[in-house]
Every structure is written in structure tokens, then in C-alpha cells.
Amino acid sequence: MYVWARMIGVAATTRRRGPFLAGGESRLSFRCLPTDIDPNLHLNNARYLMLADLGRLDIFLRSGLLRETRRRGWGPMMGGVQSVFVREIRLWRRFDVVSTIETWEGTQVIGRHRFEFDDGTTAAAVLTTAGVYDFRGRRFVPVTELLDALGYSGEPRPPTVAEKAFMESHNQLRELAKTGTLAKR
């Protein structure tokens, strides 16, 4: 129930944050609650990914993506994530989740979620790769087609070295999982 309450809270306050514009960010504020912690009394590693989901949901709602994908029979789909934990988020500590769309290539979008304290210090970072799946056409939608549907224009910036490494690692791991090689090790 707790996760749903946060999701409903993000959805209910979407208009207050205004439209998501290309190059913008989603900034959501949270406090580490007793339902978020592990035995070390800090934010559980799984909770980071759930909170990153809320950052993506905020972008989807504010950009009109969720409405447009539902109208067309499309759906946003995660491809993979990579997380790094730099500083712990202790019980009762306030923090922000700052989510951005970094770049895209073909049918894949690279997103970033930074967990930040009020002094700007980064506690953790999550890189994601995702796409939009066309359920009727049984294909992933090219990002240029998605941008056209949303009325956005622009070119992606080249991926950084870290983003390239993330995508390469993601693609290799995905191939191992698909071929069953991963299960045999």
C-alpha cells in the first residue's frame, strides 16, 4: 500500500510541477521512512529503483507520454538499470530524486536518476535504458517517431563514455540471458 500511496501522490501533484520540457528534469522530494529501510537502518537497495520509477512516472505524466502511449496502444518498457551507491540515506533523512532523459539512440532512451541531499551531494545514481513498445505492431517505437507524437523536436547528444559502457554491458548481459548462457554459469 505504501508504494501505491507515493505513486498516487506523484500523480496527484503532477500539474503543480508543470509540463516536462525537453532538457528538463523531474525533482521529487522524499524522506526515508521506516518502511524504506533495511537492517542497517538506511534506504533499502530495492527502494532506490522504486523511487526511480516514480521519477520516470513524473516525466511520463508531465510530458504527455503516458496519455499518448495509451491512446496509441503503446507502453513504456524498461530495458535495464545500473545503480551505484555513494552515500547512505539514513532513516528520516530528506532527499530528492532528480530524473532526466539524457539521450537516445534508435529505439532506446537513456535516463538518469540522481539521489541528492539538500546540499547537492549525490547519495546514489541510477542509469536506465528504456523504450516504448507498440503492442499492436509488435515492435519498439523509434524515438524519433515518439518525439513526433509528443510534438518534440531535437537531436540526441552523443552518449558519454559511461553511457556507452552501460549500454554495451546491458547489451552483452541481455544476450547472455536470451541465449541461456547466463543460467549455465
# chains A, B, ... in the order shown; residues from 1 in each chain; ligands from 1

call {"tool": "residues_around", "arguments": {"residues": "range 96-100 of chain A", "least_positions_apart": "4", "cutoff": "7 Å", "atoms": "only C-alpha atoms", "output": "list of chain:residue names"}}
result
A:Gly24, A:Glu25, A:Ser26, A:Arg27, A:Leu28, A:Ser29, A:Phe30, A:Gly55, A:Arg56, A:Gly111, A:Arg112, A:His113, A:Arg114, A:Phe115, A:Glu116, A:Phe117

call {"tool": "closest_atom_pairs", "arguments": {"of": "range 109-150 of chain A", "to": "range 165-172 of chain A", "cutoff": "12 Å", "atoms": "only C-alpha atoms", "output": "Markdown table"}}
result
| residue | atom | partner | partner_atom | distance |
| --- | --- | --- | --- | --- |
| A:Val109 | CA | A:Met167 | CA | 10.4 |
| A:Ile110 | CA | A:Met167 | CA | 8.7 |
| A:Gly111 | CA | A:Phe166 | CA | 11.4 |
| A:Arg112 | CA | A:Phe166 | CA | 11.7 |
| A:Val126 | CA | A:Phe166 | CA | 10.8 |
| A:Leu127 | CA | A:Phe166 | CA | 7.9 |
| A:Thr128 | CA | A:Phe166 | CA | 8.8 |
| A:Thr129 | CA | A:Met167 | CA | 7.7 |
| A:Ala130 | CA | A:Met167 | CA | 10.9 |

call {"tool": "closest_residue", "arguments": {"among": "A:Glu102, A:Asp148, A:Asp58, A:Glu155", "to": "Met7 in chain A", "atoms": "only C-alpha atoms"}}
result
A:Asp58

call {"tool": "select_by_dssp", "arguments": {"residues": "range 12-185 of chain A", "states": "helix (DSSP H, G or I)", "output": "PyMOL selection string"}}
result
chain A and resi 12+14-17+34-36+45-63+65-72+143-150+161-179+182-184

call {"tool": "residues_around", "arguments": {"residues": "Pro156 in chain A", "least_positions_apart": "5", "cutoff": "9 Å", "atoms": "only C-alpha atoms", "output": "count of residues only"}}
result
4

call {"tool": "select_by_dssp", "arguments": {"residues": "chain A", "states": "strand (DSSP E)", "output": "count of residues only"}}
result
54

call {"tool": "atom_distance", "arguments": {"atom1": "CA of Gly23 in chain A", "atom2": "CA of Arg62 in chain A"}}
result
13.1 Å

call {"tool": "closest_residue", "arguments": {"among": "A:Trp92, A:Asp53, A:Leu21, A:Glu68", "to": "Thr35 in chain A", "atoms": "only C-alpha atoms"}}
result
A:Trp92

call {"tool": "closest_residue", "arguments": {"among": "A:Leu173, A:Ile59, A:Val132, A:Val3", "to": "Met77 in chain A", "atoms": "only C-alpha atoms"}}
result
A:Val132

call {"tool": "closest_residue", "arguments": {"among": "A:Arg90, A:Phe140, A:Glu145, A:Ser153", "to": "Pro39 in chain A", "atoms": "only C-alpha atoms"}}
result
A:Arg90

call {"tool": "residues_around", "arguments": {"residues": "Leu146 in chain A", "least_positions_apart": "3", "cutoff": "10 Å", "atoms": "only C-alpha atoms", "output": "JSON, numbers by chain"}}
result
{"A": [65, 68, 69, 107, 131, 132, 141, 142, 143, 149, 150, 151, 152]}

call {"tool": "atom_distance", "arguments": {"atom1": "CA of Gly154 in chain A", "atom2": "CA of Arg136 in chain A"}}
result
27.0 Å

call {"tool": "residues_around", "arguments": {"residues": "Arg138 in chain A", "least_positions_apart": "4", "cutoff": "12 Å", "atoms": "only C-alpha atoms", "output": "list in words"}}
result
Gly73, Trp74, Gly75, Val132, Tyr133 and Asp134 of chain A
